[in-house]
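One file, my_file19.pdb, carrying PDB, C-alpha atoms:
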ATOM      1  CA  GLN A   1      97.416  47.317  52.141  1.00  0.00           C
ATOM      2  CA  VAL A   2      95.891  50.097  54.227  1.00  0.00           C
ATOM      3  CA  GLN A   3      97.663  52.405  56.647  1.00  0.00           C
ATOM      4  CA  LEU A   4      95.861  54.086  59.530  1.00  0.00           C
ATOM      5  CA  VAL A   5      97.385  57.068  61.324  1.00  0.00           C
ATOM      6  CA  GLU A   6      95.774  58.239  64.561  1.00  0.00           C
ATOM      7  CA  SER A   7      96.193  61.528  66.357  1.00  0.00           C
ATOM      8  CA  GLY A   8      94.609  63.530  69.141  1.00  0.00           C
ATOM      9  CA  GLY A   9      95.241  61.556  72.292  1.00  0.00           C
ATOM     10  CA  GLY A  10      96.625  63.051  75.470  1.00  0.00           C
ATOM     11  CA  LEU A  11      96.021  63.899  79.093  1.00  0.00           C
ATOM     12  CA  VAL A  12      92.756  65.541  80.089  1.00  0.00           C
ATOM     13  CA  GLN A  13      91.000  66.236  83.365  1.00  0.00           C
ATOM     14  CA  PRO A  14      87.754  64.479  84.269  1.00  0.00           C
ATOM     15  CA  GLY A  15      84.860  66.204  82.559  1.00  0.00           C
ATOM     16  CA  GLY A  16      87.081  67.394  79.734  1.00  0.00           C
ATOM     17  CA  SER A  17      86.998  66.702  76.018  1.00  0.00           C
ATOM     18  CA  LEU A  18      89.293  65.282  73.380  1.00  0.00           C
ATOM     19  CA  ARG A  19      88.971  64.657  69.666  1.00  0.00           C
ATOM     20  CA  LEU A  20      90.684  61.722  68.017  1.00  0.00           C
ATOM     21  CA  SER A  21      91.353  61.504  64.301  1.00  0.00           C
ATOM     22  CA  CYS A  22      92.295  58.577  62.099  1.00  0.00           C
ATOM     23  CA  ALA A  23      93.331  58.977  58.486  1.00  0.00           C
ATOM     24  CA  ALA A  24      93.389  56.003  56.135  1.00  0.00           C
ATOM     25  CA  SER A  25      95.605  55.700  53.085  1.00  0.00           C
ATOM     26  CA  GLY A  26      96.648  53.045  50.636  1.00  0.00           C
ATOM     27  CA  ARG A  27      94.300  50.543  48.996  1.00  0.00           C
ATOM     28  CA  ILE A  28      91.029  52.258  49.847  1.00  0.00           C
ATOM     29  CA  PHE A  29      87.581  50.922  48.979  1.00  0.00           C
ATOM     30  CA  SER A  30      84.553  53.154  49.264  1.00  0.00           C
ATOM     31  CA  ALA A  31      82.437  50.589  51.117  1.00  0.00           C
ATOM     32  CA  ASN A  32      83.933  50.190  54.560  1.00  0.00           C
ATOM     33  CA  THR A  33      83.432  50.519  58.274  1.00  0.00           C
ATOM     34  CA  MET A  34      85.748  52.585  60.421  1.00  0.00           C
ATOM     35  CA  GLY A  35      85.692  52.703  64.150  1.00  0.00           C
ATOM     36  CA  TRP A  36      87.430  53.068  67.448  1.00  0.00           C
ATOM     37  CA  TYR A  37      88.371  50.438  69.979  1.00  0.00           C
ATOM     38  CA  ARG A  38      90.134  50.851  73.285  1.00  0.00           C
ATOM     39  CA  GLN A  39      92.201  48.739  75.603  1.00  0.00           C
ATOM     40  CA  ALA A  40      93.026  49.530  79.198  1.00  0.00           C
ATOM     41  CA  PRO A  41      95.734  47.661  81.143  1.00  0.00           C
ATOM     42  CA  GLY A  42      94.469  44.254  82.227  1.00  0.00           C
ATOM     43  CA  HIS A  43      91.372  44.496  80.043  1.00  0.00           C
ATOM     44  CA  GLN A  44      90.391  43.148  76.667  1.00  0.00           C
ATOM     45  CA  ARG A  45      90.150  45.438  73.693  1.00  0.00           C
ATOM     46  CA  GLU A  46      86.575  46.678  73.371  1.00  0.00           C
ATOM     47  CA  GLU A  47      84.630  48.450  70.685  1.00  0.00           C
ATOM     48  CA  VAL A  48      83.849  52.092  71.427  1.00  0.00           C
ATOM     49  CA  ALA A  49      82.104  53.308  68.283  1.00  0.00           C
ATOM     50  CA  SER A  50      81.888  52.435  64.609  1.00  0.00           C
ATOM     51  CA  MET A  51      80.518  54.072  61.505  1.00  0.00           C
ATOM     52  CA  HIS A  52      79.821  52.594  58.100  1.00  0.00           C
ATOM     53  CA  SER A  53      80.612  54.609  55.011  1.00  0.00           C
ATOM     54  CA  GLY A  54      76.856  54.772  54.445  1.00  0.00           C
ATOM     55  CA  GLY A  55      76.356  56.523  57.770  1.00  0.00           C
ATOM     56  CA  LEU A  56      75.164  53.776  60.124  1.00  0.00           C
ATOM     57  CA  THR A  57      76.705  54.130  63.588  1.00  0.00           C
ATOM     58  CA  SER A  58      77.021  52.040  66.717  1.00  0.00           C
ATOM     59  CA  TYR A  59      78.233  52.900  70.203  1.00  0.00           C
ATOM     60  CA  ALA A  60      79.193  51.045  73.333  1.00  0.00           C
ATOM     61  CA  ASP A  61      76.640  51.637  76.093  1.00  0.00           C
ATOM     62  CA  SER A  62      79.353  53.138  78.282  1.00  0.00           C
ATOM     63  CA  VAL A  63      79.956  56.040  75.884  1.00  0.00           C
ATOM     64  CA  LYS A  64      76.483  56.737  74.511  1.00  0.00           C
ATOM     65  CA  GLY A  65      75.587  60.383  74.931  1.00  0.00           C
ATOM     66  CA  ARG A  66      79.212  61.373  75.566  1.00  0.00           C
ATOM     67  CA  PHE A  67      81.122  60.276  72.461  1.00  0.00           C
ATOM     68  CA  THR A  68      80.295  61.047  68.848  1.00  0.00           C
ATOM     69  CA  ILE A  69      81.806  59.334  65.845  1.00  0.00           C
ATOM     70  CA  SER A  70      81.892  61.078  62.483  1.00  0.00           C
ATOM     71  CA  ARG A  71      83.752  60.722  59.238  1.00  0.00           C
ATOM     72  CA  ASP A  72      84.834  62.573  56.141  1.00  0.00           C
ATOM     73  CA  ASN A  73      84.703  60.030  53.330  1.00  0.00           C
ATOM     74  CA  ALA A  74      86.471  62.371  50.922  1.00  0.00           C
ATOM     75  CA  LYS A  75      89.432  62.476  53.307  1.00  0.00           C
ATOM     76  CA  ASN A  76      89.133  58.814  54.369  1.00  0.00           C
ATOM     77  CA  THR A  77      89.193  60.078  57.933  1.00  0.00           C
ATOM     78  CA  VAL A  78      87.168  59.120  60.983  1.00  0.00           C
ATOM     79  CA  TYR A  79      86.853  61.213  64.120  1.00  0.00           C
ATOM     80  CA  LEU A  80      85.854  60.500  67.695  1.00  0.00           C
ATOM     81  CA  GLN A  81      84.668  63.478  69.712  1.00  0.00           C
ATOM     82  CA  MET A  82      84.844  62.567  73.376  1.00  0.00           C
ATOM     83  CA  THR A  83      83.152  64.717  76.004  1.00  0.00           C
ATOM     84  CA  SER A  84      82.459  64.391  79.727  1.00  0.00           C
ATOM     85  CA  LEU A  85      85.475  62.146  79.978  1.00  0.00           C
ATOM     86  CA  LYS A  86      85.842  59.904  82.995  1.00  0.00           C
ATOM     87  CA  PRO A  87      88.916  58.238  84.489  1.00  0.00           C
ATOM     88  CA  GLU A  88      87.544  54.888  83.307  1.00  0.00           C
ATOM     89  CA  ASP A  89      87.820  56.136  79.727  1.00  0.00           C
ATOM     90  CA  SER A  90      91.606  56.035  80.079  1.00  0.00           C
ATOM     91  CA  ALA A  91      93.035  53.543  77.593  1.00  0.00           C
ATOM     92  CA  VAL A  92      94.933  53.173  74.374  1.00  0.00           C
ATOM     93  CA  TYR A  93      92.493  53.966  71.596  1.00  0.00           C
ATOM     94  CA  TYR A  94      92.878  52.120  68.307  1.00  0.00           C
ATOM     95  CA  CYS A  95      91.416  52.971  64.948  1.00  0.00           C
ATOM     96  CA  ARG A  96      90.037  50.046  62.958  1.00  0.00           C
ATOM     97  CA  ARG A  97      89.012  49.773  59.331  1.00  0.00           C
ATOM     98  CA  PHE A  98      87.082  46.907  57.763  1.00  0.00           C
ATOM     99  CA  GLN A  99      86.816  46.600  53.975  1.00  0.00           C
ATOM    100  CA  VAL A 100      86.465  43.725  51.493  1.00  0.00           C
ATOM    101  CA  GLY A 101      86.821  41.172  54.271  1.00  0.00           C
ATOM    102  CA  GLU A 102      90.036  42.610  55.696  1.00  0.00           C
ATOM    103  CA  ILE A 103      90.658  44.345  59.016  1.00  0.00           C
ATOM    104  CA  TYR A 104      93.321  46.971  59.569  1.00  0.00           C
ATOM    105  CA  TRP A 105      94.457  48.582  62.823  1.00  0.00           C
ATOM    106  CA  GLY A 106      96.196  51.805  63.696  1.00  0.00           C
ATOM    107  CA  GLN A 107      99.114  51.974  66.082  1.00  0.00           C
ATOM    108  CA  GLY A 108      97.025  53.355  68.937  1.00  0.00           C
ATOM    109  CA  THR A 109      96.930  56.642  70.795  1.00  0.00           C
ATOM    110  CA  GLN A 110      96.933  57.020  74.569  1.00  0.00           C
ATOM    111  CA  VAL A 111      94.070  58.793  76.299  1.00  0.00           C
ATOM    112  CA  THR A 112      94.524  59.484  79.991  1.00  0.00           C
ATOM    113  CA  VAL A 113      91.778  61.064  82.087  1.00  0.00           C
ATOM    114  CA  SER A 114      93.161  62.207  85.404  1.00  0.00           C
ATOM    115  CA  SER A 115      93.200  65.185  87.716  1.00  0.00           C
TER     116      SER A 115
END

Structure re-expressed in structure tokens:
Amino acid sequence: QVQLVESGGGLVQPGGSLRLSCAASGRIFSANTMGWYRQAPGHQREEVASMHSGGLTSYADSVKGRFTISRDNAKNTVYLQMTSLKPEDSAVYYCRRFQVGEIYWGQGTQVTVSS
């Protein structure tokens, strides 16, 4: 079993920045993909950004150039640096880890972009 603990959400004004963190613990395998998804009220959960342990990244078109995903493999932690935030970025952000055919989710952290 794997546990994911997220932190860093909150309220920010449009144009502001936030950094999310997600630390994994438990039955950890070195080959894995960690990423961030988000879900706004009335919308489906969507992928924001992902990063393989080997370094390959992917981003949703809506966040390219504004969000940056990074990770510290030694700490089993993934980060999401969010800049130039827009009201439409408001959502619950979930950390996701995929390893040896299994998917794990964090509990979610709220990000609200509002003036």

Counting all atoms listed in the file, I want the residues whose atoms come within 12 Å of (84.8, 51.2, 53.0) in the file frame, returned as a compact mmCIF listing (two decimals) with C-alpha atoms, keeping the file's coordinate frame.
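File written: point_17.txt
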# COMPACT_ATOMS: atom_id res chain seq x y z
CA VAL A 2 95.89 50.10 54.23
CA ALA A 24 93.39 56.00 56.14
CA SER A 25 95.60 55.70 53.08
CA ARG A 27 94.30 50.54 49.00
CA ILE A 28 91.03 52.26 49.85
CA PHE A 29 87.58 50.92 48.98
CA SER A 30 84.55 53.15 49.26
CA ALA A 31 82.44 50.59 51.12
CA ASN A 32 83.93 50.19 54.56
CA THR A 33 83.43 50.52 58.27
CA MET A 34 85.75 52.58 60.42
CA GLY A 35 85.69 52.70 64.15
CA MET A 51 80.52 54.07 61.50
CA HIS A 52 79.82 52.59 58.10
CA SER A 53 80.61 54.61 55.01
CA GLY A 54 76.86 54.77 54.44
CA GLY A 55 76.36 56.52 57.77
CA ARG A 71 83.75 60.72 59.24
CA ASP A 72 84.83 62.57 56.14
CA ASN A 73 84.70 60.03 53.33
CA ALA A 74 86.47 62.37 50.92
CA ASN A 76 89.13 58.81 54.37
CA THR A 77 89.19 60.08 57.93
CA VAL A 78 87.17 59.12 60.98
CA ARG A 96 90.04 50.05 62.96
CA ARG A 97 89.01 49.77 59.33
CA PHE A 98 87.08 46.91 57.76
CA GLN A 99 86.82 46.60 53.98
CA VAL A 100 86.46 43.72 51.49
CA GLY A 101 86.82 41.17 54.27
CA GLU A 102 90.04 42.61 55.70
CA ILE A 103 90.66 44.34 59.02
CA TYR A 104 93.32 46.97 59.57

* To do: Evaluate the PyMOL selection byres ((chain A and resi 65-69) around 9) on the structure here and hand back the selected residues as a PyMOL selection string.
  => chain A and resi 35-36+48-51+57-59+61-64+70-71+78-85

* Taking into account only C-alpha atoms, which residue in the set A:Ala91, A:Leu56, A:Trp105, A:Ala23 is nearest to Gly10 of chain A? ->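 That would be A:Ala91, the residue with the smallest distance to Gly10 of chain A.
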
* **Closest of A:Pro87, A:Glu6, A:His43, A:Thr109 to Cys22 of chain A - atom-to-atom distances counting all atoms listed in the file** =>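 Using all atoms listed in the file, the shortest distance to Cys22 of chain A belongs to A:Glu6.
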
* Any idea what the distance is between atom CA of Ala40 of chain A and atom CA of Gln3 of chain A? -> 23.2 Å

* Tell me which of A:Leu18, A:Leu4, A:Lys75, A:Val92 sits closest to Arg45 of chain A, counting all atoms listed in the file. => A:Val92

* To do: Using the chain letters and numbering of this document, enumerate as a ChimeraX atom specification the residues selected by the PyMOL selection byres ((chain A and resi 37) around 6).
  => /A:36,38,46-48,93-94

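Residue nearest Gln1 of chain A, chosen from A:Thr112, A:Gly106, A:Glu88, A:Gly26 and counting only C-alpha atoms: A:Gly26.
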
* Measure the distance from atom CA of Gly108 of chain A to atom CA of Pro41 of chain A in Å and round it to one decimal. =>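 Between these atoms lies a distance of 13.5 Å.
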
* Asked: Which residue, A:Gln39, A:Cys95, A:Ser115, A:Ala60, has the smallest gap to Leu20 of chain A when you use only C-alpha atoms?
  -> A:Cys95

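The two atoms in question, atom CA of Asp89 of chain A and atom CA of Val113 of chain A, are spaced 6.7 Å apart.
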
* Which of these, A:Gly8, A:Ser90, A:Ser17, A:Gly42, has the shortest distance to Ser114 of chain A once you count only C-alpha atoms? ->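 The closest residue to Ser114 of chain A is A:Ser90.
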